[in-house]
Structure formats: structure tokens, C-alpha cells
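Notes follow once the structure below has been shown.
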Amino acid sequence: MDHAPYRLAEQLEWDLGDPNTPETLFSHAHSLALDEREEFPAAPCALLDELGLHEFYVPAAHGGRLTDYEQLVQLVRTVARRDLTVAIAHGKTYLGAVCVWVGGSREQCRRLGEAIASRLPVALALTERAHGSDLLAGDVVAEPDAAGGHLVSGEKWLINNATRGSLLSVLSRTDPAGGPRGYSVLLVDKRTLPAGTYRHLDKVRTHGIRGADISGIAFDRAPVPTDAVVGRVGDGLETVLKSLQLTRTMCAALSLGAADHALALGLDFAAERSLYGRSLIDLPQARRTLAESTADVLADEALALVVSRAVQTVPEELSVVAAVTKYLVPTRTEAVVTALTGLLGARAFLNDVYAGGRFQKVDRDHRIVGLFDGNTLVNLNALISQFRVLVRSRERGTGDIAGAVAAFRLGAPLPPAALDRLSLIARRGTGVLAALPGCVEQLRRVAAENPAVDPALRATERLMDVVDQVHTEMAEFQDARTEVPPAAFDVARRFTLCFAAAACVGLWTHSHVDAETGATARLWRDALWLRAALARLLTELGLPDAADPEAWDELLDAAGALHSEGRLVSLLPLSLRPADPVEDGPAGRAEDGPAHPTESGPAHPTEDHPAHPTEDGPGLPAAAVHAHTTAPGGVS
């Protein structure tokens, strides 16, 4: 299946050059050297700017190229697969701008779009040293001044790009009494602030993403104009909570990139390593670890595909969708990394022993993703607060099934994003779960013609029973508000697994016909990846005898074949290198010339992507990427 977002991501992958060539700017060696020096990845971020990635942080309506959130997820995933530090450092501009896209005026959006187009970095300033995720306790204040604007005072801490960012979306208390309508988002332009009205706080040394600008900013009666208020005074908390629905969805891209990298290292290690006279990959326990990890990564990818499309097909349900995604994908990716750590043993922790120490960097870097934009407990609590409406919608049979099906059907065009339809509560429930009975009926029809699909059908029927059981458990805690018992969090966790499994079923039933062609067809035929994914999710849900070793073993063989061919282990085809490499040198070398995809499509047609423009428009600009190379010590 030729899928436009994956083609766009593939073009970016090729333009970044060969990661295994040390001289390439975006090489693994270069990333490790920057990490070792705890140095901000300025040159890789500049390269991404030249490639035009920042243009995808701005909606097309405001002068950018963002029309499809699925595309943005795959682009960020590509960068995160190379280096999470760079993805987080560069992608922060999108996170910092979202409040304006959600709540800003047309003029504010236009001005911010122009600023990002000029490559100005933007940051999101929410957290404070004393209050963490408790946004209603924020002490940064914005007092009215005589000119009709505000004077901002207070300190924001642990802010990504606080020092390097030119613009900051700052959540500030505009009503001395505070409360839900006591906060506003101010778009603060540091370039316009008088000297002495702000200072940067020192960079905080971190265990992972060592080179990122995790610092802070302190304001001292910093004057900002009237039009710095995003939307209306008092709308800040609502704007932030709606914006977090988008940023939490986007965090899946960071986790998927880390999972891609870790799984590739695990596959390489198992193929190269010999124990007891046998290849490690032939030992039963090692195969089981790799197979289960592969199933988990593909299940998370399936969920991310659905939810990234759901941004545009069911925006009213994103309060549930985003919380599920932000809890589940980082959590399961951490589990994958932990499992693969057991496979690599000591080499998972050491520098310069295996793969230059890349695995330990991925492990360290990814741990922070679960904390971004609300930690795991915050997201589970966001679901618990909606138990009542989710239970009632289940009883009434509501939920946007048509919107969910549009998210499942990868070949269907996406409607324009309607961010004005974002809601703090999914009042009609979730279409992903409401669509499950219909998906089961479709699966039954497929199984009637192809008995090989029967195992997937049986697993899905068991899922139906678990979904009913979990909603019964949710009803017991639907009145939980402030004093939430620990058992409610476990029920919320089980709900996320049910949601992910339903998303997998929906994706396969509505896209398998188109997907059973091309390089990844083997994963889709006979519902192979669906069987493997459901077996893992049902096992996590505590169902006895849910394991499917036969499916996991076959899945590992299919994944190994993709990996050995230089393809990403993913549900849809993506080649990690051009089909016809340049003979004079690796991609990304200045002396090689423009050996990269052009704006009209991939440079090297293959069976999965013919030589024609994508329907969604041109690929990433073919900027002077090949002029940007440096040895690991040459970053400014």
C-alpha cells in the first residue's frame, strides 16, 4: 500500500543522509557525541529548518503546510528515530504554537505563522517549580497596566527551549482569585521586552535528552501588549487543555521513533550474536522477546495511525483519544525497551561496546516522553473524570462511528482539521469502541471466506467481552472526582488497552484490502499483525491463554525480512535507504550533489512507490541538505 504520509516521511529519512556514516550531520555517531557533551543540537535543528520541517508546524490556513496530522506524526517519528533529543528540541515549536492555533485570533495566527516561517523557535511555558502539573496553582501573574496590556511576573521552570525560544506561550494568572477562568495564555515575544524585565534560568542537567534546552525563565513586570492575550482573558486553562489534546497525540511520534530505533538494535544484535553455538535469534527465549516486542511496536503504530487521523475525523472525542494515546504509547514503549534490555544484557548500558552505545541513549532519552504534557497518572485521571459520560454513551450506543471508520480507512481522504470542535469532554463517548461490533461482523465475513483469519476473529470476540466488563468496572468509579481510589486508575489502564485493541481491529478490517500489497503485505495477510497485537493486548488485560506464539513467531520472521531489506519494521512500506544508492559516496555528503528525493516524488521508484507526485502535494523541500555535513566535533 502506497500511503502518502509514509512517502513524505521516507523522503525526509533519505534527505537526512546515511545514519551509519559518521561524516553525515545526522549520523548516529554525531548524535552520540552531542549527547556526551550535553550540547544543544543546533546544526541538526538548522538542517531540519532547511528541509522545511518547521513549515509543517503551521496549519495551511495560517501560511504553513500542515493539512494532515497523520503526516506530521510520521515526520516527527522519522526525526525521533534518528535522535529523540533533536525531535524534542525542534518539535517544541509546534507544541509552543498550538495554543494560538486553538484559541488565537486570525491575526495572531497569521503573525505567529510568519514568525515560524522565518525559523523563530517557540516554546510552551506551563510548569512552575513549586506546582508541576497543577496548572490551577500557577503563580506567574499578568497584571493589567496603564497601556491596556499586562505586566508579567513570576518564574516558569523546566521549560523546553525557554532560553533559545524567541516566543513563548505563557500560562499566566490574570485574576488574582485564580480558578478555572482566572488564567490566560500570553504570547510573549522576548525580543520586545525591555532589559531587566526577564532573565533565563540555568539549563537543568537531565538524565536523557542531555543536549536539549531544558531551562526556565523569570519575569519581573515584563510588559506585553494587549494583543498578546491568546483569545480572551480568562480562557487560558481551556485553551491549554484543548491544546494538550493535540500535543499528547503528537507525543506518540516520539515514542514510536524510539521504539523503531530500539527494535532495530535488538534485531541486529540477535542476528549478530552467537551463544552456545547458535545464533541468538534462534534461541527460543530471545525469539519470544523479539517477537513480543515487534507485536507491541506494531500495535502502538496502529493506535497512532488511528488517533492521528482522529484529530480530523472525530475532534470532539479527542479528550479521550489523546489521554489514551499519551498514557499507553510511551508506557508500552518503555516496556519494549526494558524487554530488549534483557536481550542485550550489559551491552544495553555500555558506551562504545555495542552500536556505539546507542541503546542506552534511546533508553535514557525516551523516559522523559511519559512526563511531557501530563504524566501517566494525569492522563489516566483525565479518563477517570470522563467515566460517567463513557459509561452512559456505551449504554446509549452513541459515539461517532462514521468518524471512527474514516480514521480506520487509510485510503479515505481526511476532512480539514476543525480545532474549534475540540471539547474538554467527549460527550457522546468514543466512536472507536462504538464501532467495534460492526468491525467484528466484518471480520466474521472475512473469516468465513478465509479460515486463516479465525484466530483473529476469536481474539476479537474475547475483546468484546472484556470491553463490557471494563465498562461495568468503570461504572463503579463514575462518581470519583477528587479522592480517586487506586483501583480506578487500574480500570482506566484497562480501558486504554481496550481502546487500543479496538483501534487495531478497526484499522485492519477497514484497510486490509488495500494494505495486502507491497512490501508489508505479509503483515496484513491472514490478519497476522492483528492476531499478534491482540494476543499481546489481551494478555496485558489479564486474559488467560491469550498468547499466540505461532502468530508471534511468524510476525518476527516477517519483521526480520523487512529489516534485512533495509525497510522500517512498520505496518506500511517505508524504505530506510534509496533503492539505488549513489556510488560516489553516502547520502548527505557535500561532494555527492543532490542525491535526494525531489519535490515531485521519491528519487528512486520501487514497487511500493511509483514515480509520481503524492496526492497530498509535494514532499519536503529539496534544500541544500547535502552541503550540511560535519564531523562529530564540528557543531557550533
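Residue numbering restarts at 1 in every chain; chains get A, B, ... in the order shown in the C-alpha cells, and ligands count up from 1 in that same order.
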Mind checking which residues fall within 8 Å of Ala434 in chain A, counting only C-alpha atoms, ignoring those fewer than 5 positions away in the same chain, and posting them as a ChimeraX atom specification? /A:394,397-401
Which neighbours of His563 in chain A fall inside 10 Å, counting only C-alpha atoms, when residues of the same chain fewer than 2 positions from it are skipped, and could you give them as a PyMOL selection string? chain A and resi 263-264+267-268+557-561+565-570+575-576
Generate the output file for the selected residues, N, CA, C and O atoms, as a PDB file, in the first residue's frame.
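File out.pdb, as written:
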ATOM      1  N   LEU A 263      14.093  -1.389  18.564  1.00  0.00           N
ATOM      2  CA  LEU A 263      13.795  -2.683  17.945  1.00  0.00           C
ATOM      3  C   LEU A 263      14.835  -3.024  16.884  1.00  0.00           C
ATOM      4  O   LEU A 263      15.278  -4.187  16.781  1.00  0.00           O
ATOM      5  N   ALA A 264      15.252  -2.039  16.099  1.00  0.00           N
ATOM      6  CA  ALA A 264      16.275  -2.293  15.079  1.00  0.00           C
ATOM      7  C   ALA A 264      17.578  -2.752  15.723  1.00  0.00           C
ATOM      8  O   ALA A 264      18.240  -3.685  15.226  1.00  0.00           O
ATOM      9  N   LEU A 267      17.102  -6.394  16.825  1.00  0.00           N
ATOM     10  CA  LEU A 267      17.146  -7.335  15.703  1.00  0.00           C
ATOM     11  C   LEU A 267      18.578  -7.535  15.215  1.00  0.00           C
ATOM     12  O   LEU A 267      19.002  -8.657  14.914  1.00  0.00           O
ATOM     13  N   ASP A 268      19.334  -6.445  15.124  1.00  0.00           N
ATOM     14  CA  ASP A 268      20.730  -6.556  14.691  1.00  0.00           C
ATOM     15  C   ASP A 268      21.544  -7.383  15.687  1.00  0.00           C
ATOM     16  O   ASP A 268      22.327  -8.263  15.292  1.00  0.00           O
ATOM     17  N   ASP A 557       9.488 -13.378  11.804  1.00  0.00           N
ATOM     18  CA  ASP A 557      10.097 -13.695  10.508  1.00  0.00           C
ATOM     19  C   ASP A 557       9.818 -12.593   9.489  1.00  0.00           C
ATOM     20  O   ASP A 557      10.707 -12.182   8.727  1.00  0.00           O
ATOM     21  N   ALA A 558       8.590 -12.110   9.467  1.00  0.00           N
ATOM     22  CA  ALA A 558       8.224 -11.052   8.522  1.00  0.00           C
ATOM     23  C   ALA A 558       8.974  -9.766   8.852  1.00  0.00           C
ATOM     24  O   ALA A 558       9.460  -9.057   7.958  1.00  0.00           O
ATOM     25  N   ALA A 559       9.079  -9.451  10.150  1.00  0.00           N
ATOM     26  CA  ALA A 559       9.796  -8.247  10.562  1.00  0.00           C
ATOM     27  C   ALA A 559      11.279  -8.358  10.215  1.00  0.00           C
ATOM     28  O   ALA A 559      11.895  -7.390   9.747  1.00  0.00           O
ATOM     29  N   GLY A 560      11.855  -9.542  10.454  1.00  0.00           N
ATOM     30  CA  GLY A 560      13.260  -9.744  10.136  1.00  0.00           C
ATOM     31  C   GLY A 560      13.543  -9.566   8.656  1.00  0.00           C
ATOM     32  O   GLY A 560      14.574  -9.014   8.265  1.00  0.00           O
ATOM     33  N   ALA A 561      12.605 -10.013   7.820  1.00  0.00           N
ATOM     34  CA  ALA A 561      12.780  -9.846   6.380  1.00  0.00           C
ATOM     35  C   ALA A 561      12.759  -8.371   6.002  1.00  0.00           C
ATOM     36  O   ALA A 561      13.580  -7.913   5.199  1.00  0.00           O
ATOM     37  N   GLU A 565      16.035  -6.106   4.524  1.00  0.00           N
ATOM     38  CA  GLU A 565      15.912  -5.424   3.225  1.00  0.00           C
ATOM     39  C   GLU A 565      16.128  -3.916   3.336  1.00  0.00           C
ATOM     40  O   GLU A 565      16.013  -3.193   2.348  1.00  0.00           O
ATOM     41  N   GLY A 566      16.436  -3.441   4.537  1.00  0.00           N
ATOM     42  CA  GLY A 566      16.639  -2.014   4.715  1.00  0.00           C
ATOM     43  C   GLY A 566      15.347  -1.231   4.815  1.00  0.00           C
ATOM     44  O   GLY A 566      15.305  -0.034   4.525  1.00  0.00           O
ATOM     45  N   ARG A 567      14.284  -1.908   5.250  1.00  0.00           N
ATOM     46  CA  ARG A 567      12.989  -1.254   5.410  1.00  0.00           C
ATOM     47  C   ARG A 567      12.669  -1.100   6.895  1.00  0.00           C
ATOM     48  O   ARG A 567      13.158  -1.863   7.730  1.00  0.00           O
ATOM     49  N   LEU A 568      11.835  -0.149   7.187  1.00  0.00           N
ATOM     50  CA  LEU A 568      11.364   0.028   8.548  1.00  0.00           C
ATOM     51  C   LEU A 568      10.419  -1.111   8.904  1.00  0.00           C
ATOM     52  O   LEU A 568       9.586  -1.517   8.088  1.00  0.00           O
ATOM     53  N   VAL A 569      10.532  -1.634  10.115  1.00  0.00           N
ATOM     54  CA  VAL A 569       9.563  -2.611  10.597  1.00  0.00           C
ATOM     55  C   VAL A 569       8.319  -1.815  10.975  1.00  0.00           C
ATOM     56  O   VAL A 569       8.235  -1.221  12.052  1.00  0.00           O
ATOM     57  N   SER A 570       7.374  -1.784  10.059  1.00  0.00           N
ATOM     58  CA  SER A 570       6.183  -0.962  10.235  1.00  0.00           C
ATOM     59  C   SER A 570       5.031  -1.578   9.457  1.00  0.00           C
ATOM     60  O   SER A 570       5.224  -2.485   8.640  1.00  0.00           O
ATOM     61  N   SER A 575      11.075   2.627   3.055  1.00  0.00           N
ATOM     62  CA  SER A 575      12.463   2.218   2.846  1.00  0.00           C
ATOM     63  C   SER A 575      13.384   3.188   3.558  1.00  0.00           C
ATOM     64  O   SER A 575      13.242   4.407   3.446  1.00  0.00           O
ATOM     65  N   LEU A 576      14.332   2.651   4.306  1.00  0.00           N
ATOM     66  CA  LEU A 576      15.256   3.489   5.060  1.00  0.00           C
ATOM     67  C   LEU A 576      16.429   3.969   4.224  1.00  0.00           C
ATOM     68  O   LEU A 576      17.231   4.778   4.690  1.00  0.00           O
TER      69      LEU A 576
END
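Going from CA of Leu290 in chain A over to CA of Ala322 in chain A, you cover 28.1 Å.
The closest residue to Val505 in chain A, picked from A:Ala348, A:Leu256, A:Ala533, A:Ala271 and counting only C-alpha atoms, is A:Ala533.
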Rank A:Leu66, A:Leu534, A:Val297, A:Ala492 by their smallest atom-to-atom distance to Thr460 in chain A, using only C-alpha atoms, and report the top residue only. A:Leu534
Among A:Leu572, A:Val453, A:Ala295, A:Val389, Pro5 in chain A is approached most closely, using only C-alpha atoms, by A:Leu572
Contacts of Phe387 in chain A at 9 Å (only C-alpha atoms; same-chain gap of 5+ positions) as a count of residues only: 9
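Nearest residue to Leu84 in chain A, choosing from A:Arg210, A:Arg396, A:Arg522, A:Arg444 and counting only C-alpha atoms: A:Arg210.
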For Asp363 in chain A, work out the shell of residues within 12 Å, counting only C-alpha atoms and skipping chain neighbours fewer than 5 positions away, then give it as a VMD selection string. chain A and resid 83 to 85 207 to 209 255 257 to 259 261 to 263 265 330 333 to 341 348 to 350 357 to 358 368 to 369
With distances taken over only C-alpha atoms, which residue among A:Leu457, A:Val229, A:Ala130, A:Leu463 lies nearest Arg531 in chain A? A:Leu457
Give the answer as one residue: which of A:Ala418, A:Ala488, A:Val141, A:Ala501 has the shortest atom-to-atom distance to Leu436 in chain A, using only C-alpha atoms? A:Ala501
Measure the distance from CA of Leu383 in chain A to CA of Thr313 in chain A in Å and round it to one decimal. 20.2 Å
